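Reproduced below: data23.tsv, with TSV, C-alpha atoms.
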chain	number	residue	atom	x	y	z
Q	30	MET	CA	0.00	0.00	0.00
Q	31	ALA	CA	1.98	2.89	-1.29
Q	32	ARG	CA	-0.26	5.87	-1.67
Q	33	ARG	CA	-2.99	7.46	0.37
Q	34	ALA	CA	-4.78	10.64	-0.43
Q	35	ARG	CA	-7.60	12.92	0.66
Q	36	ARG	CA	-9.79	12.00	3.58
Q	37	ALA	CA	-13.51	12.64	3.42
Q	38	SER	CA	-16.41	11.17	5.38
Q	39	PRO	CA	-15.82	7.81	7.07
Q	40	ALA	CA	-15.55	5.15	4.38
Q	41	GLY	CA	-18.72	3.30	3.51
Q	42	THR	CA	-17.27	1.33	0.62
Q	43	VAL	CA	-14.00	0.00	-0.73
Q	44	ILE	CA	-14.01	-0.13	-4.54
Q	45	LEU	CA	-11.40	-2.32	-6.19
Q	46	ASP	CA	-9.96	-2.13	-9.72
Q	47	ALA	CA	-9.98	1.67	-9.92
Q	48	ALA	CA	-8.38	1.52	-13.39
Q	49	GLN	CA	-11.66	0.19	-14.78
Q	50	ARG	CA	-14.54	2.27	-16.14
Q	51	GLN	CA	-17.11	0.55	-13.94
Q	52	ALA	CA	-15.07	1.27	-10.82
Q	53	LEU	CA	-14.91	4.97	-11.69
Q	54	VAL	CA	-18.68	5.00	-12.18
Q	55	ALA	CA	-19.19	3.37	-8.77
Q	56	ILE	CA	-16.79	5.85	-7.15
Q	57	ARG	CA	-18.73	8.78	-8.58
Q	58	VAL	CA	-22.21	7.43	-7.87
Q	59	LEU	CA	-21.48	6.48	-4.28
Q	60	GLY	CA	-19.32	9.50	-3.55
Q	61	ARG	CA	-22.01	11.88	-4.78
Q	62	SER	CA	-24.62	10.13	-2.66
Q	63	GLY	CA	-22.57	10.76	0.50
Q	64	VAL	CA	-20.93	7.35	0.87
Q	65	GLY	CA	-17.26	7.64	1.80
Q	66	VAL	CA	-15.15	5.89	-0.84
Q	67	VAL	CA	-11.77	4.16	-0.67
Q	68	ALA	CA	-10.51	3.39	-4.19
Q	69	VAL	CA	-7.95	0.61	-4.68
Q	70	ASP	CA	-5.83	-0.56	-7.60
Q	71	GLY	CA	-2.49	-2.16	-8.39
Q	72	ASP	CA	-1.55	0.73	-10.68
Q	73	ARG	CA	-0.88	4.16	-9.17
Q	74	SER	CA	-1.94	5.80	-12.48
Q	75	ALA	CA	-5.42	4.23	-12.43
Q	76	PRO	CA	-7.97	6.92	-13.46
Q	77	GLY	CA	-10.36	6.15	-10.60
Q	78	LEU	CA	-7.70	6.96	-8.01
Q	79	GLY	CA	-7.75	10.55	-9.25
Q	80	SER	CA	-11.47	11.11	-8.81
Q	81	ARG	CA	-12.54	13.98	-6.59
Q	82	TRP	CA	-14.99	11.55	-4.96
Q	83	CYS	CA	-12.24	9.36	-3.48
Q	84	GLY	CA	-11.90	9.85	0.23
Q	85	ARG	CA	-8.73	7.77	0.00
Q	86	SER	CA	-6.85	6.14	-2.84
Q	87	VAL	CA	-4.66	3.13	-2.12
Q	88	VAL	CA	-2.17	1.23	-4.28
Q	89	VAL	CA	-1.82	-2.49	-3.52
Q	90	PRO	CA	0.07	-5.45	-5.07
Q	91	HIS	CA	-1.53	-6.68	-8.29
Q	92	PHE	CA	-3.74	-9.76	-8.03
Q	93	ALA	CA	-2.32	-11.25	-11.24
Q	94	SER	CA	1.19	-11.57	-9.83
Q	95	SER	CA	0.46	-12.19	-6.14
Q	96	ALA	CA	-3.10	-13.09	-5.19
Q	97	ASP	CA	-2.38	-13.62	-1.48
Q	98	ALA	CA	-0.44	-10.38	-1.13
Q	99	TYR	CA	-3.27	-8.62	-2.91
Q	100	VAL	CA	-5.95	-10.01	-0.60
Q	101	ASP	CA	-3.81	-9.28	2.47
Q	102	ALA	CA	-3.54	-5.64	1.41
Q	103	VAL	CA	-7.25	-5.37	0.60
Q	104	LEU	CA	-8.17	-6.84	3.99
Q	105	ALA	CA	-5.92	-4.31	5.71
Q	106	VAL	CA	-7.60	-1.46	3.83
Q	107	CYS	CA	-11.06	-2.75	4.74
Q	108	ALA	CA	-10.22	-3.20	8.41
Q	109	GLU	CA	-8.60	0.21	8.69
Q	110	SER	CA	-11.40	2.05	6.92
Q	111	ALA	CA	-14.23	0.20	8.72
Q	112	ALA	CA	-16.15	0.30	5.43
Q	113	ARG	CA	-19.36	-1.68	5.00
Q	114	SER	CA	-19.09	-2.91	1.41
Q	115	LEU	CA	-16.31	-4.25	-0.82
Q	116	ILE	CA	-16.99	-4.00	-4.57
Q	117	PRO	CA	-14.67	-5.90	-6.95
Q	118	CYS	CA	-14.93	-4.99	-10.64
Q	119	LEU	CA	-12.73	-7.49	-12.51
Q	120	ASP	CA	-12.69	-11.26	-12.98
Q	121	GLY	CA	-9.15	-11.37	-11.59
Q	122	SER	CA	-9.94	-9.57	-8.34
Q	123	VAL	CA	-13.06	-11.71	-7.90
Q	124	GLU	CA	-11.05	-14.91	-8.32
Q	125	ALA	CA	-8.34	-13.68	-5.95
Q	126	LEU	CA	-10.92	-13.02	-3.23
Q	127	ARG	CA	-12.94	-16.22	-3.58
Q	128	PRO	CA	-10.52	-18.70	-1.92
Q	129	ARG	CA	-10.43	-16.45	1.16
Q	130	ARG	CA	-14.06	-15.41	1.08
Q	131	GLU	CA	-14.90	-16.36	4.66
Q	132	GLU	CA	-11.96	-14.32	5.90
Q	133	VAL	CA	-13.06	-11.33	3.82
Q	134	GLU	CA	-16.67	-11.51	4.96
Q	135	ARG	CA	-15.65	-11.44	8.61
Q	136	VAL	CA	-14.34	-7.95	7.90
Q	137	ILE	CA	-16.71	-6.45	5.32
Q	138	GLY	CA	-19.81	-7.11	3.21
Q	139	LEU	CA	-18.68	-8.57	-0.11
Q	140	ALA	CA	-20.67	-7.46	-3.16
Q	141	LEU	CA	-20.72	-10.90	-4.78
Q	142	ALA	CA	-23.32	-13.64	-5.00
Q	143	ARG	CA	-22.99	-16.75	-2.85
Q	144	GLU	CA	-20.35	-19.25	-3.99
Q	145	ASP	CA	-22.45	-21.84	-5.82
Q	146	PRO	CA	-24.47	-19.31	-7.88
Q	147	LEU	CA	-21.29	-17.34	-8.49
Q	148	ASP	CA	-19.43	-20.43	-9.70
Q	149	ALA	CA	-22.32	-21.36	-12.00
Q	150	ALA	CA	-22.21	-17.87	-13.53
Q	151	VAL	CA	-18.42	-17.83	-13.89
Q	152	ASP	CA	-18.37	-21.29	-15.51
Q	153	LYS	CA	-19.94	-20.85	-18.97
Q	154	THR	CA	-20.55	-24.58	-19.36
Q	155	ARG	CA	-22.72	-24.60	-16.21
Q	156	THR	CA	-24.50	-21.44	-17.30
Q	157	LEU	CA	-25.37	-22.83	-20.72
Q	158	ALA	CA	-26.41	-26.22	-19.30
Q	159	LEU	CA	-28.88	-24.56	-16.94
Q	160	ALA	CA	-30.17	-22.33	-19.73
Q	161	ARG	CA	-30.95	-25.40	-21.83
Q	162	THR	CA	-32.97	-26.96	-19.02
Q	163	LEU	CA	-34.95	-23.70	-18.75
Q	164	GLY	CA	-35.71	-23.69	-22.47
Q	165	ILE	CA	-33.43	-20.72	-23.22
Q	166	ARG	CA	-31.78	-20.84	-26.63
Q	167	VAL	CA	-27.97	-21.13	-26.62
Q	168	PRO	CA	-25.51	-21.22	-29.53
Q	169	ARG	CA	-24.91	-24.56	-31.17
Q	170	GLY	CA	-21.57	-25.90	-30.00
Q	171	CYS	CA	-19.65	-28.17	-27.67
Q	172	CYS	CA	-17.09	-28.15	-24.87
Q	173	VAL	CA	-13.56	-29.40	-25.56
Q	174	SER	CA	-11.31	-30.59	-22.76
Q	175	ASP	CA	-9.18	-33.12	-24.69
Q	176	PRO	CA	-6.86	-31.88	-27.46
Q	177	ASP	CA	-7.28	-35.19	-29.30
Q	178	VAL	CA	-10.93	-34.42	-30.07
Q	179	ALA	CA	-10.45	-30.76	-30.94
Q	180	ALA	CA	-10.28	-31.25	-34.71
Q	181	ASP	CA	-13.46	-33.35	-34.81
Q	182	ALA	CA	-15.24	-30.77	-32.66
Q	183	ILE	CA	-14.32	-27.99	-35.08
Q	184	ASP	CA	-15.67	-30.03	-37.99
Q	185	GLU	CA	-18.90	-30.62	-36.08
Q	186	VAL	CA	-19.49	-26.94	-35.19
Q	187	GLY	CA	-18.38	-25.54	-38.56
Q	188	LEU	CA	-16.74	-22.26	-39.56
Q	189	PRO	CA	-16.51	-19.47	-38.74
Q	190	ALA	CA	-16.45	-20.57	-35.12
Q	191	VAL	CA	-16.21	-18.77	-31.81
Q	192	VAL	CA	-13.51	-20.15	-29.52
Q	193	LYS	CA	-13.93	-19.09	-25.91
Q	194	PRO	CA	-12.65	-20.25	-22.52
Q	195	ALA	CA	-15.12	-21.92	-20.18
Q	196	ARG	CA	-13.80	-19.53	-17.51
Q	197	SER	CA	-12.47	-16.09	-18.39
Q	198	TRP	CA	-9.81	-15.93	-15.65
Q	199	VAL	CA	-7.10	-18.57	-15.30
Q	200	GLN	CA	-4.90	-18.50	-12.21
Q	201	GLY	CA	-1.58	-20.28	-12.64
Q	202	ALA	CA	0.98	-21.12	-10.00
Q	203	ASP	CA	2.73	-17.76	-10.35
Q	204	ILE	CA	0.50	-15.48	-12.38
Q	205	GLY	CA	-3.10	-15.19	-13.47
Q	206	LYS	CA	-4.50	-13.90	-16.74
Q	207	ARG	CA	-7.75	-13.19	-18.51
Q	208	ILE	CA	-8.48	-15.14	-21.68
Q	209	SER	CA	-10.77	-13.53	-24.24
Q	210	PRO	CA	-12.95	-15.24	-26.86
Q	211	LYS	CA	-11.75	-15.32	-30.46
Q	212	VAL	CA	-13.38	-15.96	-33.81
Q	213	ALA	CA	-11.70	-18.36	-36.23
Q	214	SER	CA	-12.24	-18.36	-39.98
Q	215	SER	CA	-10.20	-21.45	-40.83
Q	216	ARG	CA	-9.85	-24.92	-39.40
Q	217	SER	CA	-6.15	-24.44	-38.65
Q	218	GLU	CA	-6.80	-21.12	-36.90
Q	219	ALA	CA	-9.57	-22.65	-34.77
Q	220	LEU	CA	-7.36	-25.61	-33.85
Q	221	ASP	CA	-4.48	-23.33	-32.82
Q	222	LEU	CA	-6.80	-21.27	-30.61
Q	223	VAL	CA	-8.35	-24.34	-28.95
Q	224	LEU	CA	-4.98	-25.91	-28.21
Q	225	ALA	CA	-3.58	-22.65	-26.84
Q	226	MET	CA	-6.49	-22.29	-24.40
Q	227	LEU	CA	-6.21	-25.91	-23.33
Q	228	ARG	CA	-2.52	-25.36	-22.60
Q	229	ASP	CA	-3.55	-22.47	-20.36
Q	230	GLY	CA	-5.47	-24.98	-18.26
Q	231	VAL	CA	-9.06	-24.14	-19.16
Q	232	ASP	CA	-11.75	-26.08	-21.04
Q	233	VAL	CA	-12.82	-24.54	-24.33
Q	234	LEU	CA	-16.26	-23.78	-25.73
Q	235	LEU	CA	-16.59	-24.06	-29.49
Q	236	GLN	CA	-19.71	-22.28	-30.74
Q	237	GLU	CA	-21.35	-21.28	-33.96
Q	238	TRP	CA	-20.80	-17.66	-34.93
Q	239	LEU	CA	-23.90	-15.46	-34.78
Q	240	GLY	CA	-23.83	-12.24	-36.76
Q	241	GLY	CA	-26.77	-10.26	-35.35
Q	242	ARG	CA	-27.26	-7.63	-32.66
Q	243	ARG	CA	-25.62	-7.80	-29.24
Q	244	GLU	CA	-27.99	-7.03	-26.37
Q	245	ALA	CA	-27.36	-7.15	-22.63
Q	246	LEU	CA	-29.70	-6.98	-19.66
Q	247	SER	CA	-28.45	-5.85	-16.25
Q	248	PHE	CA	-30.08	-6.58	-12.90
Q	249	VAL	CA	-29.73	-6.24	-9.19
Q	250	TYR	CA	-31.46	-9.25	-7.66
Q	251	ALA	CA	-31.78	-9.92	-3.93
Q	252	LYS	CA	-34.23	-11.40	-1.45
Q	253	GLY	CA	-36.11	-13.18	-4.22
Q	254	ARG	CA	-36.89	-10.09	-6.32
Q	255	PHE	CA	-35.44	-7.67	-8.84
Q	256	TRP	CA	-34.59	-4.16	-7.63
Q	257	GLY	CA	-33.20	-2.73	-10.85
Q	258	ARG	CA	-33.46	-3.66	-14.54
Q	259	PHE	CA	-31.81	-2.22	-17.61
Q	260	ALA	CA	-31.14	-3.15	-21.25
Q	261	GLN	CA	-28.68	-1.87	-23.80
Q	262	ARG	CA	-27.51	-2.64	-27.31
Q	263	ALA	CA	-23.81	-2.72	-28.18
Q	264	ASP	CA	-23.27	-1.32	-31.67
Q	265	ARG	CA	-19.49	-1.71	-31.53
Q	266	THR	CA	-17.24	-3.71	-29.24
Q	267	PHE	CA	-13.53	-4.27	-28.74
Q	268	PRO	CA	-12.34	-6.83	-29.53
Q	269	PRO	CA	-14.78	-6.73	-32.48
Q	270	LEU	CA	-16.04	-10.27	-31.74
Q	271	GLY	CA	-17.78	-9.17	-28.56
Q	272	GLY	CA	-15.49	-7.74	-25.93
Q	273	ASN	CA	-16.22	-4.51	-24.05
Q	274	SER	CA	-18.82	-2.30	-25.68
Q	275	VAL	CA	-17.33	0.87	-27.13
Q	276	LEU	CA	-20.55	2.30	-28.60
Q	277	ARG	CA	-23.83	1.47	-26.93
Q	278	GLU	CA	-27.41	2.67	-26.58
Q	279	SER	CA	-30.06	2.23	-23.89
Q	280	ILE	CA	-33.08	0.29	-25.17
Q	281	SER	CA	-36.40	-0.87	-23.78
Q	282	LEU	CA	-36.38	-4.25	-22.09
Q	283	PRO	CA	-36.74	-6.72	-25.00
Q	284	SER	CA	-39.94	-8.72	-24.65
Q	285	ASP	CA	-38.40	-12.01	-25.80
Q	286	ILE	CA	-35.21	-12.17	-23.75
Q	287	THR	CA	-36.11	-10.28	-20.56
Q	288	PRO	CA	-38.30	-13.08	-19.10
Q	289	ALA	CA	-35.62	-15.63	-20.04
Q	290	ALA	CA	-32.84	-13.61	-18.40
Q	291	GLU	CA	-34.86	-13.04	-15.24
Q	292	ARG	CA	-35.75	-16.72	-15.07
Q	293	LEU	CA	-32.08	-17.66	-15.34
Q	294	VAL	CA	-30.94	-15.22	-12.64
Q	295	ALA	CA	-33.74	-16.28	-10.30
Q	296	GLU	CA	-33.12	-20.00	-10.88
Q	297	LEU	CA	-29.45	-19.49	-10.03
Q	298	ASP	CA	-30.42	-17.26	-7.09
Q	299	LEU	CA	-27.66	-14.99	-8.36
Q	300	GLU	CA	-27.89	-12.13	-5.89
Q	301	GLY	CA	-26.19	-8.80	-6.44
Q	302	TYR	CA	-25.42	-7.29	-9.83
Q	303	SER	CA	-25.38	-9.35	-13.01
Q	304	GLU	CA	-25.29	-8.68	-16.73
Q	305	VAL	CA	-26.86	-11.30	-19.01
Q	306	GLU	CA	-25.57	-11.13	-22.58
Q	307	PHE	CA	-27.37	-12.29	-25.71
Q	308	ARG	CA	-26.45	-12.34	-29.39
Q	309	ARG	CA	-28.99	-12.54	-32.18
Q	310	ASP	CA	-28.61	-14.38	-35.47
Q	311	GLU	CA	-29.44	-13.01	-38.92
Q	312	ARG	CA	-33.11	-13.90	-38.36
Q	313	GLY	CA	-33.23	-11.96	-35.10
Q	314	ARG	CA	-33.40	-14.99	-32.83
Q	315	ALA	CA	-31.53	-14.43	-29.55
Q	316	ALA	CA	-29.11	-16.89	-27.96
Q	317	LEU	CA	-27.56	-16.64	-24.51
Q	318	MET	CA	-23.84	-15.89	-24.48
Q	319	GLU	CA	-22.93	-15.64	-20.80
Q	320	ILE	CA	-23.61	-14.06	-17.43
Q	321	ASN	CA	-21.26	-11.53	-15.90
Q	322	PRO	CA	-21.74	-11.61	-12.08
Q	323	ARG	CA	-19.92	-8.34	-11.26
Q	324	LEU	CA	-20.24	-4.69	-12.22
Q	325	SER	CA	-19.80	-4.55	-16.00
Q	326	ALA	CA	-17.70	-2.04	-17.90
Q	327	SER	CA	-20.78	-0.59	-19.58
Q	328	VAL	CA	-22.68	0.17	-16.35
Q	329	GLU	CA	-22.42	3.96	-16.79
Q	330	MET	CA	-25.03	3.72	-19.54
Q	331	ALA	CA	-27.53	2.43	-16.96
Q	332	VAL	CA	-26.56	5.08	-14.41
Q	333	ARG	CA	-27.03	7.91	-16.91
Q	334	ALA	CA	-30.37	6.42	-17.93
Q	335	GLY	CA	-31.57	6.42	-14.33
Q	336	VAL	CA	-30.73	3.04	-12.78
Q	337	PRO	CA	-28.20	3.55	-9.93
Q	338	PHE	CA	-26.74	0.04	-9.93
Q	339	PRO	CA	-23.63	0.87	-7.84
Q	340	ARG	CA	-25.83	2.33	-5.09
Q	341	LEU	CA	-28.12	-0.71	-5.13
Q	342	LEU	CA	-25.10	-3.01	-5.00
Q	343	HIS	CA	-23.57	-1.15	-2.06
Q	344	ASP	CA	-26.87	-1.12	-0.16
Q	345	TRP	CA	-27.31	-4.86	-0.70
Q	346	ALA	CA	-23.75	-5.77	0.31
Q	347	SER	CA	-23.81	-3.55	3.40
Q	348	GLY	CA	-27.17	-4.85	4.60
Q	349	GLU	CA	-29.09	-1.61	4.07
Q	350	SER	CA	-32.68	-1.51	2.81
Q	351	LEU	CA	-33.17	-1.56	-0.95
Q	352	THR	CA	-35.43	0.69	-3.01
Q	353	GLU	CA	-36.67	-0.60	-6.35
Q	354	THR	CA	-35.87	1.47	-9.43
Q	355	SER	CA	-38.49	1.25	-12.15
Q	356	GLY	CA	-38.13	2.72	-15.61
Q	357	TYR	CA	-35.24	4.50	-17.30
Q	358	VAL	CA	-34.49	6.71	-20.29
Q	359	THR	CA	-34.05	4.94	-23.63
Q	360	GLY	CA	-32.17	6.21	-26.66
Q	361	LEU	CA	-29.14	7.46	-24.72
Q	362	ARG	CA	-25.79	6.74	-26.35
Q	363	MET	CA	-22.33	6.32	-24.85
Q	364	ARG	CA	-18.93	5.92	-26.45
Q	365	TRP	CA	-15.63	4.68	-25.06
Q	366	LEU	CA	-13.27	6.56	-27.34
Q	367	GLY	CA	-10.09	4.72	-26.31
Q	368	GLY	CA	-11.74	1.38	-27.01
Q	369	ASP	CA	-13.19	2.65	-30.28
Q	370	LEU	CA	-9.72	3.72	-31.43
Q	371	SER	CA	-8.33	0.29	-30.53
Q	372	ARG	CA	-11.17	-1.37	-32.42
Q	373	LEU	CA	-10.52	0.74	-35.51
Q	374	LYS	CA	-6.80	-0.05	-35.40
Q	375	SER	CA	-7.59	-3.77	-35.11
Q	376	ILE	CA	-9.92	-3.70	-38.12
Q	377	LEU	CA	-7.47	-1.71	-40.24
Q	378	SER	CA	-4.65	-4.12	-39.32
Q	379	HIS	CA	-6.70	-7.31	-39.71
Q	380	PRO	CA	-9.46	-6.74	-42.28
Q	381	ASN	CA	-12.06	-9.24	-43.48
Q	382	ARG	CA	-12.64	-10.87	-40.10
Q	383	PRO	CA	-16.11	-12.42	-39.67
Q	384	ASP	CA	-17.26	-9.98	-37.01
Q	385	ALA	CA	-15.82	-6.76	-38.44
Q	386	PRO	CA	-16.89	-4.34	-41.19
Q	387	SER	CA	-14.73	-3.42	-44.16
Q	388	ARG	CA	-12.00	-0.82	-43.69
Q	389	PRO	CA	-14.00	1.97	-45.43
Q	390	GLN	CA	-17.11	1.16	-43.39
Q	391	ALA	CA	-15.11	1.15	-40.15
Q	392	LEU	CA	-13.53	4.52	-40.92
Q	393	MET	CA	-16.81	6.11	-41.98
Q	394	SER	CA	-18.77	4.93	-38.94
Q	395	PHE	CA	-15.97	5.95	-36.58
Q	396	ALA	CA	-15.87	9.49	-38.01
Q	397	ALA	CA	-19.64	9.88	-38.40
Q	398	ASP	CA	-20.33	9.12	-34.75
Q	399	PHE	CA	-18.56	12.31	-33.66
Q	400	ALA	CA	-21.53	14.19	-35.16
Q	401	ARG	CA	-24.13	12.19	-33.20
Q	402	PRO	CA	-25.03	13.10	-29.60
Q	403	ALA	CA	-23.34	10.80	-27.11
Q	404	ALA	CA	-21.75	10.85	-23.68
Q	405	TYR	CA	-18.17	9.63	-23.36
Q	406	ASP	CA	-16.74	7.22	-20.81
Q	407	TYR	CA	-14.47	8.84	-18.19
Q	408	VAL	CA	-15.72	12.35	-19.07
Q	409	ASP	CA	-17.58	14.17	-16.29
Q	410	ARG	CA	-17.52	17.97	-16.13
Q	411	GLY	CA	-17.55	17.88	-12.36
Q	412	ASP	CA	-14.73	15.32	-12.15
Q	413	LEU	CA	-12.33	15.84	-15.06
Q	414	ARG	CA	-9.11	14.46	-13.61
Q	415	PRO	CA	-9.86	10.76	-14.35
Q	416	ALA	CA	-10.44	11.59	-18.04
Q	417	ILE	CA	-7.13	13.46	-18.17
Q	418	ILE	CA	-5.34	10.51	-16.53
Q	419	ALA	CA	-6.99	8.03	-18.92
Q	420	THR	CA	-6.02	10.15	-21.95
Q	421	ALA	CA	-2.43	10.40	-20.73
Q	422	GLY	CA	-2.37	6.62	-20.34
Q	423	ILE	CA	-3.52	6.12	-23.93
Q	424	ALA	CA	-0.79	8.50	-25.12
Q	425	ARG	CA	1.88	6.66	-23.11
Q	426	ARG	CA	0.84	3.27	-24.47
Q	427	ALA	CA	0.75	4.60	-28.03
Q	428	GLY	CA	4.22	6.06	-27.57
Q	429	ARG	CA	5.59	2.76	-26.30
Q	430	ARG	CA	4.08	0.88	-29.26
Q	431	LEU	CA	5.54	3.41	-31.67
Q	432	SER	CA	9.00	3.16	-30.13
Q	433	ARG	CA	8.91	-0.63	-30.44
Q	434	THR	CA	8.15	-0.42	-34.16
Q	435	ARG	CA	11.01	1.94	-34.97
Q	436	THR	CA	14.16	0.38	-36.38
Q	437	PRO	CA	17.34	2.22	-35.32
Q	438	ASP	CA	19.56	3.58	-38.08
Q	439	ARG	CA	22.68	1.54	-38.63
Q	440	ALA	CA	25.99	2.92	-39.84
Q	441	GLY	CA	27.56	1.75	-43.13
Show me this structure written as structure tokens.
Amino acid sequence: MARRARRASPAGTVILDAAQRQALVAIRVLGRSGVGVVAVDGDRSAPGLGSRWCGRSVVVPHFASSADAYVDAVLAVCAESAARSLIPCLDGSVEALRPRREEVERVIGLALAREDPLDAAVDKTRTLALARTLGIRVPRGCCVSDPDVAADAIDEVGLPAVVKPARSWVQGADIGKRISPKVASSRSEALDLVLAMLRDGVDVLLQEWLGGRREALSFVYAKGRFWGRFAQRADRTFPPLGGNSVLRESISLPSDITPAAERLVAELDLEGYSEVEFRRDERGRAALMEINPRLSASVEMAVRAGVPFPRLLHDWASGESLTETSGYVTGLRMRWLGGDLSRLKSILSHPNRPDAPSRPQALMSFAADFARPAAYDYVDRGDLRPAIIATAGIARRAGRRLSRTRTPDRAG
């Protein structure tokens, strides 16, 4: 724990992963509502640490390189601050906390569902199996755990195929890492991706590729009922296959998938915040992709539309009474400019991928969206420092990439 900053009211919450957009949103929402905030991250240049709404900002060891040291430091922060809720915002921090959950919950209210529902949500094979029993459509595909059957599985699913880990976070003996889904256009590419994920120690889901709209529903569920609901459409994501949304719009709760998503969350008894993601095919039929059982990167869209998910999550974790939020504004748009730039660079460098437009289309849509009304991630007129820090971080990373591509002049 290297850095501490301003003190405000006594801490009510400790928010982890302050480098993430969702953590910054939670810091702002809870800080503005009078909850004292301690923001935590493994990077001292994390944008959330610079928010005016941080009562304290604390730098700790990174969970990817030392999970136990990370949890030790987080526990010390929680005990010292006497906060009531602990809100993790990344798969890696969630997985670092889980083995020591009982120890954590003796100190603070943890904003995560109980272990069995949480494990079922984290494990995509369990999620999809339950969805099938509930009559919820899922992509055609199979799970591969043996490299010897990988080639036959690819032939069975067909191409293009989506290759994704059964669990997004893999913790090795020394270091943990997040594994993202990929889309493969050829048999050899799909086989390489499957074998690489298997070597990382995680089972692999092979699924048909669906080319329609991406829609996500977010909930806070507790005590057998829903306290907040929200839906959004992701028009662009990075990576293009379906990573974090970089351009999104609030939409009405879709009549076909909302009952299915609520049924799945209730059947799991998945308390706290969750985001249920669907992808439609060319005929508009929706299929379940996964459940995200922590604050999602796109949560600011819901907050701006009128659903205060971070406040509901804090109230639930700290044992306070909950107030249901009904209704929200549709048609609001948000853009994550850093992610949109990365997406554009990826498409220009690797054109003709199944889930990406042509280069001219990508350039035109990127430029045209500057003329359409939208809010931007990180940007808040009353709290500008995080946006400045985030922009500086983008510039530093771009500079490092540029320096690596330069070839030094050689004499004679």
(request) Identify, on the basis of all atoms listed in the file, every residue whose closest approach to Gly241 of chain Q does not exceed 7 Å; exclude the query and any residue fewer than 5 positions from it along the same chain; express the result as a VMD selection string. (result) chain Q and resid 308 to 311 313
(request) With a distance cut-off of 9 Å and only C-alpha atoms, select the neighbouring residues of Leu342 of chain Q, excluding the residue or stretch itself and same-chain residues fewer than 2 positions from it, and output the selection as a ChimeraX atom specification. (result) /Q:114,116,140,249,301-302,324,337-340,344-347
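When atom CA of Ala125 of chain Q is paired with atom CA of Ala96 of chain Q, their separation reads 5.3 Å.
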With 12 Å as the cut-off and all atoms listed in the file counted, what is the closest atom pair between each nearby residue of segment 221-336 of chain Q and segment 161-183 of chain Q? Distances in Å to one decimal, ordered by chain and number, as CSV.
residue,atom,partner,partner_atom,distance
Q:Asp221,CA,Q:Ala179,CA,9.7
Q:Leu222,CA,Q:Ala179,CA,10.2
Q:Val223,CA,Q:Ala179,CA,7.0
Q:Leu224,CA,Q:Pro176,CA,6.3
Q:Ala225,CA,Q:Pro176,CA,9.8
Q:Met226,CA,Q:Ser174,CA,9.7
Q:Leu227,CA,Q:Ser174,CA,6.9
Q:Arg228,CA,Q:Pro176,CA,9.2
Q:Asp229,CA,Q:Ser174,CA,11.5
Q:Gly230,CA,Q:Ser174,CA,9.3
Q:Val231,CA,Q:Ser174,CA,7.7
Q:Asp232,CA,Q:Ser174,CA,4.8
Q:Val233,CA,Q:Val173,CA,5.1
Q:Leu234,CA,Q:Cys172,CA,4.5
Q:Leu235,CA,Q:Gly170,CA,5.3
Q:Gln236,CA,Q:Gly170,CA,4.1
Q:Glu237,CA,Q:Arg169,CA,5.6
Q:Trp238,CA,Q:Pro168,CA,8.0
Q:Leu239,CA,Q:Pro168,CA,8.0
Q:Gly240,CA,Q:Pro168,CA,11.7
Q:Asp285,CA,Q:Ile165,CA,10.4
Q:Ile286,CA,Q:Ile165,CA,8.7
Q:Thr287,CA,Q:Ile165,CA,11.1
Q:Pro288,CA,Q:Ile165,CA,10.0
Q:Ala289,CA,Q:Ile165,CA,6.4
Q:Ala290,CA,Q:Ile165,CA,8.6
Q:Glu291,CA,Q:Ile165,CA,11.2
Q:Arg292,CA,Q:Leu163,CA,7.9
Q:Leu293,CA,Q:Leu163,CA,7.5
Q:Val294,CA,Q:Leu163,CA,11.2
Q:Ala295,CA,Q:Leu163,CA,11.3
Q:Glu296,CA,Q:Leu163,CA,8.9
Q:Leu297,CA,Q:Leu163,CA,11.1
Q:Glu306,CA,Q:Val167,CA,11.0
Q:Phe307,CA,Q:Val167,CA,8.9
Q:Arg308,CA,Q:Pro168,CA,8.9
Q:Arg309,CA,Q:Pro168,CA,9.7
Q:Asp310,CA,Q:Pro168,CA,9.6
Q:Arg314,CA,Q:Arg166,CA,8.7
Q:Ala315,CA,Q:Arg166,CA,7.0
Q:Ala316,CA,Q:Val167,CA,4.6
Q:Leu317,CA,Q:Val167,CA,5.0
Q:Met318,CA,Q:Val167,CA,7.0
Q:Glu319,CA,Q:Val167,CA,9.5
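We find atom CA of Asp152 of chain Q and atom CA of Ala213 of chain Q to be spaced 22.0 Å apart.
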(request) Measure the distance from atom CA of Val192 of chain Q to atom CA of Asp120 of chain Q in Å and round it to one decimal. (result) 18.8 Å
(message) Quick one: residues within 10 Å of Asp298 of chain Q, only C-alpha atoms, excluding same-chain residues fewer than 4 positions away - as a ChimeraX atom specification?
(response) /Q:142-143,145-147,250-254,292-294
(message) Could you list, as a VMD selection string, every residue within 7 Å of Val305 of chain Q, counting all atoms listed in the file and ignoring same-chain residues fewer than 5 positions away?
(response) chain Q and resid 245 to 247 290 319 to 321
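Counting all atoms listed in the file, the residue from Q:His343, Q:Arg57, Q:Lys193, Q:Arg216 that sits nearest to Leu141 of chain Q is Q:His343.
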Using all atoms listed in the file, find each residue in segment 200-304 of chain Q having at least one atom no more than 10 Å away from segment 397-413 of chain Q; report its shortest atom-to-atom pair and that distance in Å (one decimal), rows by chain then rising number, as CSV.
residue,atom,partner,partner_atom,distance
Q:Val275,CA,Q:Asp406,CA,9.0
Q:Leu276,CA,Q:Ala403,CA,9.1
Q:Arg277,CA,Q:Ala403,CA,9.3
Q:Glu278,CA,Q:Ala403,CA,9.1
